[in-house]
$ cat upload.tsv   # TSV, N, CA and C atoms
chain	number	residue	atom	x	y	z
A	1	GLN	N	169.01	175.74	194.57
A	1	GLN	CA	169.57	174.49	195.11
A	1	GLN	C	169.14	173.32	194.24
A	2	LEU	N	170.12	172.54	193.82
A	2	LEU	CA	169.83	171.40	192.97
A	2	LEU	C	169.26	170.27	193.83
A	3	GLN	N	168.16	169.71	193.39
A	3	GLN	CA	167.54	168.65	194.16
A	3	GLN	C	166.89	167.64	193.25
A	4	LEU	N	167.04	166.38	193.60
A	4	LEU	CA	166.36	165.28	192.91
A	4	LEU	C	165.47	164.59	193.93
A	5	VAL	N	164.26	164.28	193.53
A	5	VAL	CA	163.31	163.61	194.43
A	5	VAL	C	162.75	162.38	193.72
A	6	GLU	N	162.89	161.23	194.38
A	6	GLU	CA	162.34	159.98	193.85
A	6	GLU	C	160.98	159.73	194.47
A	7	LEU	N	160.06	159.29	193.65
A	7	LEU	CA	158.72	158.93	194.10
A	7	LEU	C	158.30	157.62	193.45
A	8	GLY	N	157.35	156.95	194.06
A	8	GLY	CA	156.75	155.78	193.43
A	8	GLY	C	157.10	154.45	194.04
A	9	GLY	N	157.95	154.44	195.05
A	9	GLY	CA	158.27	153.18	195.69
A	9	GLY	C	157.10	152.64	196.48
A	10	GLY	N	157.25	151.42	196.95
A	10	GLY	CA	156.20	150.81	197.75
A	10	GLY	C	156.37	149.32	197.86
A	11	LEU	N	155.31	148.67	198.33
A	11	LEU	CA	155.28	147.22	198.48
A	11	LEU	C	154.48	146.62	197.33
A	12	VAL	N	155.05	145.64	196.68
A	12	VAL	CA	154.38	145.00	195.55
A	12	VAL	C	154.65	143.50	195.61
A	13	GLN	N	153.70	142.73	195.12
A	13	GLN	CA	153.88	141.27	195.08
A	13	GLN	C	154.79	140.87	193.93
A	14	PRO	N	155.45	139.74	194.07
A	14	PRO	CA	156.27	139.24	192.94
A	14	PRO	C	155.44	139.17	191.67
A	15	GLY	N	156.05	139.59	190.56
A	15	GLY	CA	155.34	139.64	189.30
A	15	GLY	C	154.64	140.96	189.03
A	16	GLY	N	154.57	141.80	190.04
A	16	GLY	CA	153.89	143.07	189.91
A	16	GLY	C	154.76	144.14	189.28
A	17	SER	N	154.20	145.35	189.21
A	17	SER	CA	154.88	146.47	188.55
A	17	SER	C	154.85	147.71	189.44
A	18	LEU	N	155.86	148.55	189.24
A	18	LEU	CA	155.92	149.87	189.85
A	18	LEU	C	156.56	150.81	188.85
A	19	ARG	N	156.20	152.09	188.94
A	19	ARG	CA	156.89	153.10	188.15
A	19	ARG	C	157.48	154.14	189.09
A	20	LEU	N	158.77	154.23	189.06
A	20	LEU	CA	159.47	155.24	189.85
A	20	LEU	C	159.65	156.51	189.02
A	21	SER	N	159.59	157.63	189.68
A	21	SER	CA	159.87	158.90	189.00
A	21	SER	C	160.97	159.64	189.75
A	22	CYS	N	161.72	160.39	188.98
A	22	CYS	CA	162.82	161.20	189.52
A	22	CYS	C	162.59	162.61	189.02
A	23	ALA	N	162.17	163.48	189.92
A	23	ALA	CA	161.86	164.85	189.55
A	23	ALA	C	162.96	165.79	190.02
A	24	ALA	N	163.31	166.71	189.15
A	24	ALA	CA	164.37	167.67	189.48
A	24	ALA	C	163.78	169.03	189.83
A	25	SER	N	164.39	169.69	190.79
A	25	SER	CA	164.02	171.07	191.11
A	25	SER	C	165.30	171.88	191.26
A	26	GLY	N	165.21	173.13	190.86
A	26	GLY	CA	166.38	174.00	190.96
A	26	GLY	C	167.30	173.95	189.76
A	27	PHE	N	167.03	173.02	188.83
A	27	PHE	CA	167.82	172.96	187.61
A	27	PHE	C	167.03	172.17	186.57
A	28	SER	N	167.45	172.31	185.31
A	28	SER	CA	166.82	171.58	184.23
A	28	SER	C	167.59	170.30	183.95
A	29	LEU	N	166.84	169.21	183.79
A	29	LEU	CA	167.47	167.92	183.51
A	29	LEU	C	167.91	167.77	182.06
A	30	ASP	N	167.56	168.74	181.22
A	30	ASP	CA	167.77	168.61	179.77
A	30	ASP	C	169.18	168.16	179.42
A	31	TYR	N	170.19	168.69	180.12
A	31	TYR	CA	171.57	168.45	179.71
A	31	TYR	C	172.24	167.37	180.56
A	32	TYR	N	171.44	166.69	181.38
A	32	TYR	CA	172.01	165.72	182.31
A	32	TYR	C	171.69	164.29	181.90
A	33	ALA	N	172.69	163.43	182.02
A	33	ALA	CA	172.43	162.00	182.01
A	33	ALA	C	171.90	161.61	183.38
A	34	ILE	N	170.98	160.67	183.40
A	34	ILE	CA	170.36	160.24	184.65
A	34	ILE	C	170.56	158.75	184.83
A	35	GLY	N	170.93	158.38	186.03
A	35	GLY	CA	171.07	156.97	186.36
A	35	GLY	C	170.15	156.59	187.49
A	36	TRP	N	169.71	155.35	187.46
A	36	TRP	CA	168.97	154.76	188.57
A	36	TRP	C	169.87	153.72	189.23
A	37	PHE	N	169.91	153.76	190.54
A	37	PHE	CA	170.74	152.85	191.32
A	37	PHE	C	169.90	152.23	192.43
A	38	ARG	N	170.36	151.15	192.98
A	38	ARG	CA	169.66	150.55	194.11
A	38	ARG	C	170.66	149.98	195.10
A	39	GLN	N	170.22	149.94	196.34
A	39	GLN	CA	171.07	149.40	197.39
A	39	GLN	C	170.23	148.60	198.36
A	40	ALA	N	170.54	147.32	198.43
A	40	ALA	CA	169.87	146.43	199.37
A	40	ALA	C	170.68	146.38	200.66
A	41	PRO	N	170.06	146.03	201.77
A	41	PRO	CA	170.78	145.97	203.04
A	41	PRO	C	172.00	145.07	202.97
A	42	GLY	N	173.13	145.59	203.42
A	42	GLY	CA	174.35	144.82	203.44
A	42	GLY	C	175.05	144.68	202.10
A	43	LYS	N	174.52	145.35	201.07
A	43	LYS	CA	175.13	145.24	199.74
A	43	LYS	C	175.58	146.61	199.24
A	44	GLU	N	176.46	146.58	198.27
A	44	GLU	CA	176.93	147.83	197.67
A	44	GLU	C	175.85	148.41	196.75
A	45	ARG	N	175.95	149.71	196.54
A	45	ARG	CA	175.03	150.36	195.62
A	45	ARG	C	175.31	149.85	194.19
A	46	GLU	N	174.24	149.52	193.49
A	46	GLU	CA	174.34	148.90	192.17
A	46	GLU	C	173.66	149.76	191.12
A	47	GLY	N	174.31	149.95	190.00
A	47	GLY	CA	173.69	150.65	188.89
A	47	GLY	C	172.64	149.77	188.23
A	48	VAL	N	171.45	150.33	188.02
A	48	VAL	CA	170.34	149.58	187.44
A	48	VAL	C	170.11	149.97	185.98
A	49	SER	N	170.05	151.27	185.74
A	49	SER	CA	169.77	151.76	184.39
A	49	SER	C	170.24	153.19	184.28
A	50	ALA	N	170.47	153.62	183.05
A	50	ALA	CA	170.90	155.00	182.81
A	50	ALA	C	170.41	155.45	181.46
A	51	ILE	N	170.22	156.77	181.33
A	51	ILE	CA	169.75	157.34	180.08
A	51	ILE	C	170.54	158.62	179.81
A	52	SER	N	170.94	158.78	178.56
A	52	SER	CA	171.70	159.96	178.18
A	52	SER	C	170.80	161.18	178.11
A	53	SER	N	171.40	162.36	178.11
A	53	SER	CA	170.62	163.57	177.88
A	53	SER	C	170.01	163.47	176.49
A	54	GLY	N	168.75	163.83	176.38
A	54	GLY	CA	168.05	163.67	175.11
A	54	GLY	C	167.40	162.30	174.97
A	55	GLY	N	167.83	161.34	175.75
A	55	GLY	CA	167.19	160.03	175.76
A	55	GLY	C	167.59	159.10	174.64
A	56	GLY	N	168.60	159.46	173.86
A	56	GLY	CA	168.94	158.65	172.71
A	56	GLY	C	169.63	157.34	173.03
A	57	THR	N	170.23	157.25	174.21
A	57	THR	CA	170.96	156.05	174.59
A	57	THR	C	170.56	155.63	175.99
A	58	THR	N	170.32	154.34	176.15
A	58	THR	CA	170.00	153.79	177.46
A	58	THR	C	170.89	152.60	177.76
A	59	ASN	N	170.96	152.25	179.02
A	59	ASN	CA	171.78	151.12	179.43
A	59	ASN	C	171.12	150.47	180.64
A	60	TYR	N	171.26	149.14	180.74
A	60	TYR	CA	170.65	148.38	181.82
A	60	TYR	C	171.61	147.34	182.35
A	61	VAL	N	171.53	147.09	183.63
A	61	VAL	CA	172.26	145.96	184.18
A	61	VAL	C	171.56	144.68	183.71
A	62	ASP	N	172.30	143.62	183.52
A	62	ASP	CA	171.75	142.41	182.93
A	62	ASP	C	170.54	141.87	183.68
A	63	SER	N	170.53	142.00	184.99
A	63	SER	CA	169.47	141.39	185.80
A	63	SER	C	168.11	142.04	185.60
A	64	VAL	N	168.05	143.22	184.98
A	64	VAL	CA	166.76	143.88	184.79
A	64	VAL	C	166.40	144.04	183.31
A	65	LYS	N	167.27	143.62	182.42
A	65	LYS	CA	166.98	143.75	180.99
A	65	LYS	C	165.71	142.98	180.63
A	66	GLY	N	164.86	143.65	179.87
A	66	GLY	CA	163.60	143.04	179.47
A	66	GLY	C	162.49	143.23	180.49
A	67	ARG	N	162.83	143.71	181.68
A	67	ARG	CA	161.82	143.93	182.73
A	67	ARG	C	161.67	145.41	183.07
A	68	PHE	N	162.77	146.14	183.07
A	68	PHE	CA	162.75	147.56	183.43
A	68	PHE	C	162.93	148.41	182.18
A	69	THR	N	162.30	149.59	182.19
A	69	THR	CA	162.45	150.54	181.10
A	69	THR	C	162.66	151.94	181.67
A	70	ILE	N	163.72	152.58	181.23
A	70	ILE	CA	164.00	153.95	181.65
A	70	ILE	C	163.54	154.90	180.54
A	71	SER	N	162.98	156.04	180.94
A	71	SER	CA	162.55	157.03	179.97
A	71	SER	C	162.63	158.40	180.63
A	72	ARG	N	162.54	159.42	179.78
A	72	ARG	CA	162.60	160.76	180.33
A	72	ARG	C	161.61	161.66	179.62
A	73	ASP	N	161.08	162.62	180.36
A	73	ASP	CA	160.18	163.64	179.83
A	73	ASP	C	160.77	164.98	180.28
A	74	ASP	N	161.57	165.56	179.42
A	74	ASP	CA	162.26	166.80	179.80
A	74	ASP	C	161.28	167.96	179.98
A	75	ALA	N	160.14	167.90	179.32
A	75	ALA	CA	159.14	168.95	179.51
A	75	ALA	C	158.62	168.96	180.95
A	76	LYS	N	158.61	167.77	181.57
A	76	LYS	CA	158.18	167.65	182.96
A	76	LYS	C	159.37	167.60	183.92
A	77	ASN	N	160.58	167.70	183.35
A	77	ASN	CA	161.79	167.66	184.18
A	77	ASN	C	161.84	166.40	185.05
A	78	THR	N	161.47	165.28	184.42
A	78	THR	CA	161.32	164.03	185.17
A	78	THR	C	161.85	162.85	184.37
A	79	VAL	N	162.45	161.91	185.07
A	79	VAL	CA	162.89	160.65	184.49
A	79	VAL	C	162.14	159.53	185.20
A	80	TYR	N	161.80	158.50	184.44
A	80	TYR	CA	161.00	157.40	184.97
A	80	TYR	C	161.76	156.09	184.89
A	81	LEU	N	161.40	155.18	185.78
A	81	LEU	CA	161.87	153.80	185.70
A	81	LEU	C	160.65	152.91	185.85
A	82	GLN	N	160.21	152.33	184.74
A	82	GLN	CA	159.10	151.39	184.76
A	82	GLN	C	159.64	150.01	185.08
A	83	MET	N	159.15	149.42	186.14
A	83	MET	CA	159.65	148.13	186.60
A	83	MET	C	158.52	147.11	186.53
A	84	ASN	N	158.68	146.13	185.68
A	84	ASN	CA	157.70	145.05	185.51
A	84	ASN	C	158.28	143.72	185.95
A	85	SER	N	157.41	142.76	186.14
A	85	SER	CA	157.82	141.40	186.53
A	85	SER	C	158.79	141.44	187.70
A	86	LEU	N	158.44	142.18	188.70
A	86	LEU	CA	159.34	142.38	189.84
A	86	LEU	C	159.56	141.08	190.60
A	87	LYS	N	160.77	140.97	191.11
A	87	LYS	CA	161.20	139.79	191.85
A	87	LYS	C	161.62	140.21	193.26
A	88	PRO	N	161.59	139.28	194.20
A	88	PRO	CA	162.04	139.63	195.56
A	88	PRO	C	163.45	140.21	195.59
A	89	GLU	N	164.31	139.76	194.69
A	89	GLU	CA	165.68	140.27	194.67
A	89	GLU	C	165.79	141.70	194.16
A	90	ASP	N	164.68	142.26	193.68
A	90	ASP	CA	164.67	143.67	193.30
A	90	ASP	C	164.45	144.58	194.51
A	91	THR	N	164.18	144.00	195.66
A	91	THR	CA	163.95	144.79	196.87
A	91	THR	C	165.20	145.58	197.24
A	92	ALA	N	165.03	146.88	197.39
A	92	ALA	CA	166.15	147.77	197.70
A	92	ALA	C	165.64	149.19	197.83
A	93	VAL	N	166.51	150.07	198.27
A	93	VAL	CA	166.26	151.50	198.15
A	93	VAL	C	166.77	151.93	196.78
A	94	TYR	N	165.91	152.60	196.03
A	94	TYR	CA	166.25	153.03	194.68
A	94	TYR	C	166.56	154.53	194.69
A	95	TYR	N	167.65	154.89	194.05
A	95	TYR	CA	168.10	156.26	193.96
A	95	TYR	C	168.23	156.69	192.50
A	96	CYS	N	167.95	157.96	192.24
A	96	CYS	CA	168.32	158.51	190.94
A	96	CYS	C	169.46	159.50	191.15
A	97	ALA	N	170.22	159.68	190.08
A	97	ALA	CA	171.38	160.55	190.15
A	97	ALA	C	171.58	161.22	188.79
A	98	ALA	N	172.23	162.38	188.80
A	98	ALA	CA	172.41	163.17	187.58
A	98	ALA	C	173.88	163.47	187.34
A	99	SER	N	174.23	163.47	186.06
A	99	SER	CA	175.60	163.80	185.65
A	99	SER	C	175.56	164.61	184.37
A	100	LEU	N	176.41	165.62	184.28
A	100	LEU	CA	176.49	166.41	183.05
A	100	LEU	C	177.24	165.66	181.95
A	101	THR	N	177.89	164.56	182.30
A	101	THR	CA	178.68	163.80	181.33
A	101	THR	C	178.07	162.43	181.13
A	102	TRP	N	177.90	162.03	179.89
A	102	TRP	CA	177.45	160.68	179.56
A	102	TRP	C	178.69	159.87	179.18
A	103	TYR	N	178.99	158.89	179.98
A	103	TYR	CA	180.20	158.11	179.75
A	103	TYR	C	179.96	156.92	178.83
A	104	GLY	N	178.71	156.46	178.79
A	104	GLY	CA	178.40	155.36	177.92
A	104	GLY	C	178.80	154.02	178.48
A	105	GLY	N	178.22	152.99	177.92
A	105	GLY	CA	178.55	151.62	178.30
A	105	GLY	C	178.40	151.38	179.79
A	106	SER	N	179.26	150.50	180.29
A	106	SER	CA	179.17	150.11	181.69
A	106	SER	C	179.49	151.26	182.64
A	107	ARG	N	180.23	152.24	182.17
A	107	ARG	CA	180.55	153.39	183.02
A	107	ARG	C	179.32	154.17	183.40
A	108	SER	N	178.28	154.11	182.58
A	108	SER	CA	177.07	154.86	182.90
A	108	SER	C	176.36	154.30	184.12
A	109	LEU	N	176.76	153.11	184.56
A	109	LEU	CA	176.14	152.48	185.72
A	109	LEU	C	177.03	152.52	186.95
A	110	LEU	N	178.08	153.33	186.90
A	110	LEU	CA	178.97	153.48	188.04
A	110	LEU	C	178.53	154.67	188.90
A	111	PRO	N	178.26	154.45	190.19
A	111	PRO	CA	177.85	155.57	191.05
A	111	PRO	C	178.84	156.73	191.06
A	112	SER	N	180.11	156.43	190.92
A	112	SER	CA	181.14	157.47	190.99
A	112	SER	C	181.07	158.48	189.85
A	113	GLN	N	180.31	158.13	188.79
A	113	GLN	CA	180.23	159.02	187.64
A	113	GLN	C	179.15	160.10	187.80
A	114	TYR	N	178.42	160.05	188.90
A	114	TYR	CA	177.27	160.95	189.07
A	114	TYR	C	177.52	161.95	190.20
A	115	ASP	N	176.99	163.15	189.99
A	115	ASP	CA	177.30	164.27	190.88
A	115	ASP	C	176.18	164.61	191.85
A	116	TYR	N	174.95	164.41	191.44
A	116	TYR	CA	173.81	164.82	192.26
A	116	TYR	C	172.92	163.61	192.50
A	117	TRP	N	172.46	163.48	193.73
A	117	TRP	CA	171.70	162.29	194.13
A	117	TRP	C	170.41	162.68	194.85
A	118	GLY	N	169.39	161.84	194.66
A	118	GLY	CA	168.18	161.97	195.44
A	118	GLY	C	168.30	161.23	196.75
A	119	GLN	N	167.23	161.27	197.53
A	119	GLN	CA	167.27	160.68	198.88
A	119	GLN	C	166.86	159.21	198.88
A	120	GLY	N	166.30	158.75	197.78
A	120	GLY	CA	165.96	157.33	197.66
A	120	GLY	C	164.51	157.04	197.99
A	121	THR	N	164.01	155.94	197.41
A	121	THR	CA	162.66	155.47	197.69
A	121	THR	C	162.72	153.95	197.83
A	122	GLN	N	162.01	153.43	198.82
A	122	GLN	CA	162.06	152.00	199.12
A	122	GLN	C	161.14	151.23	198.19
A	123	VAL	N	161.68	150.16	197.62
A	123	VAL	CA	160.89	149.21	196.84
A	123	VAL	C	161.01	147.86	197.52
A	124	THR	N	159.87	147.29	197.88
A	124	THR	CA	159.84	145.99	198.52
A	124	THR	C	158.96	145.05	197.71
A	125	VAL	N	159.55	143.94	197.29
A	125	VAL	CA	158.82	142.94	196.52
A	125	VAL	C	158.66	141.70	197.40
A	126	SER	N	157.44	141.46	197.81
A	126	SER	CA	157.20	140.37	198.75
A	126	SER	C	155.74	139.95	198.68
A	127	SER	N	155.50	138.67	198.90
A	127	SER	CA	154.13	138.17	198.97
A	127	SER	C	153.63	138.17	200.40
$ encode --input "upload.tsv" --output "structure tokens"
Amino acid sequence: QLQLVELGGGLVQPGGSLRLSCAASGFSLDYYAIGWFRQAPGKEREGVSAISSGGGTTNYVDSVKGRFTISRDDAKNTVYLQMNSLKPEDTAVYYCAASLTWYGGSRSLLPSQYDYWGQGTQVTVSS
């Protein structure tokens, strides 16, 4: 059974950092592009960042550029999202998702392009 599990969410003060991880079980992430998405209450799910299989290409939504970094460790079957300089507007449930196809550009941040999803982890940025 293919499964993605997100870990690392929590409560952090503005300006703080968190590292989210997305671990796969039941399949190898080697050939999958991975995306990170978030959804705040009352808002649509938003693409945050994505990484191609092999890690050669990454993409970020403008609001997190320079603050968030996506990376992958295929030996550990895990993808990470390092989030620095967090802001209250980053508060949301964060999801990772996997796709066998890397579409590139803005398409890599579209939820519809991904086939497998984790259950999400809550990130709350508040003082």
$ residues_near_point --input "upload.tsv" --point "(172.6, 153.9, 189.3)" --cutoff "7 Å" --atoms "all atoms listed in the file" --output "ChimeraX atom specification"
/A:34-38,45-50,95-97,108-111
$ atom_distance --input "upload.tsv" --atom1 "atom C of Ile51 of chain A" --atom2 "atom CA of Gly8 of chain A"
19.6 Å
$ closest_residue --input "upload.tsv" --among "A:Gln113, A:Gln3, A:Ala33, A:Leu81" --to "Arg19 of chain A" --atoms "all atoms listed in the file"
A:Leu81
$ residues_around --input "upload.tsv" --residues "Ser17 of chain A" --least-positions-apart "5" --cutoff "7 Å" --atoms "all atoms listed in the file" --output "ChimeraX atom specification"
/A:12,82-86
$ select_by_dssp --input "upload.tsv" --residues "chain A" --states "strand (DSSP E)" --output "PyMOL selection string"
chain A and resi 3-7+10-12+18-25+33-39+46-51+58-60+68-73+78-83+92-99+116-117+121-125
$ residues_around --input "upload.tsv" --residues "Ser21 of chain A" --least-positions-apart "4" --cutoff "6 Å" --atoms "only C-alpha atoms" --output "PyMOL selection string"
chain A and resi 6-7+79-80
$ atom_distance --input "upload.tsv" --atom1 "atom CA of Tyr31 of chain A" --atom2 "atom CA of Glu44 of chain A"
27.9 Å
$ closest_residue --input "upload.tsv" --among "A:Phe27, A:Tyr114, A:Phe68, A:Tyr60" --to "Leu100 of chain A" --atoms "all atoms listed in the file"
A:Tyr114
$ atom_distance --input "upload.tsv" --atom1 "atom N of Tyr116 of chain A" --atom2 "atom C of Thr91 of chain A"
22.0 Å
$ select_by_dssp --input "upload.tsv" --residues "segment 56-122 of chain A" --states "helix (DSSP H, G or I)" --output "PyMOL selection string"
chain A and resi 62-64+74-76+88-90+105-109+111-113
$ residues_near_point --input "upload.tsv" --point "(169.2, 145.4, 196.2)" --cutoff "6.5 Å" --atoms "only N, CA and C atoms" --output "ChimeraX atom specification"
/A:38-41,89-93
$ closest_residue --input "upload.tsv" --among "A:Pro88, A:Gly118, A:Ser112, A:Gly66" --to "Val5 of chain A" --atoms "all atoms listed in the file"
A:Gly118
$ closest_residue --input "upload.tsv" --among "A:Ser63, A:Lys87, A:Ser52, A:Thr78" --to "Thr124 of chain A" --atoms "only N, CA and C atoms"
A:Lys87
$ closest_residue --input "upload.tsv" --among "A:Leu4, A:Asn77, A:Gly9, A:Gly55" --to "Val123 of chain A" --atoms "all atoms listed in the file"
A:Gly9
$ closest_residue --input "upload.tsv" --among "A:Leu20, A:Gln122, A:Ser28, A:Arg107" --to "Val61 of chain A" --atoms "only C-alpha atoms"
A:Arg107
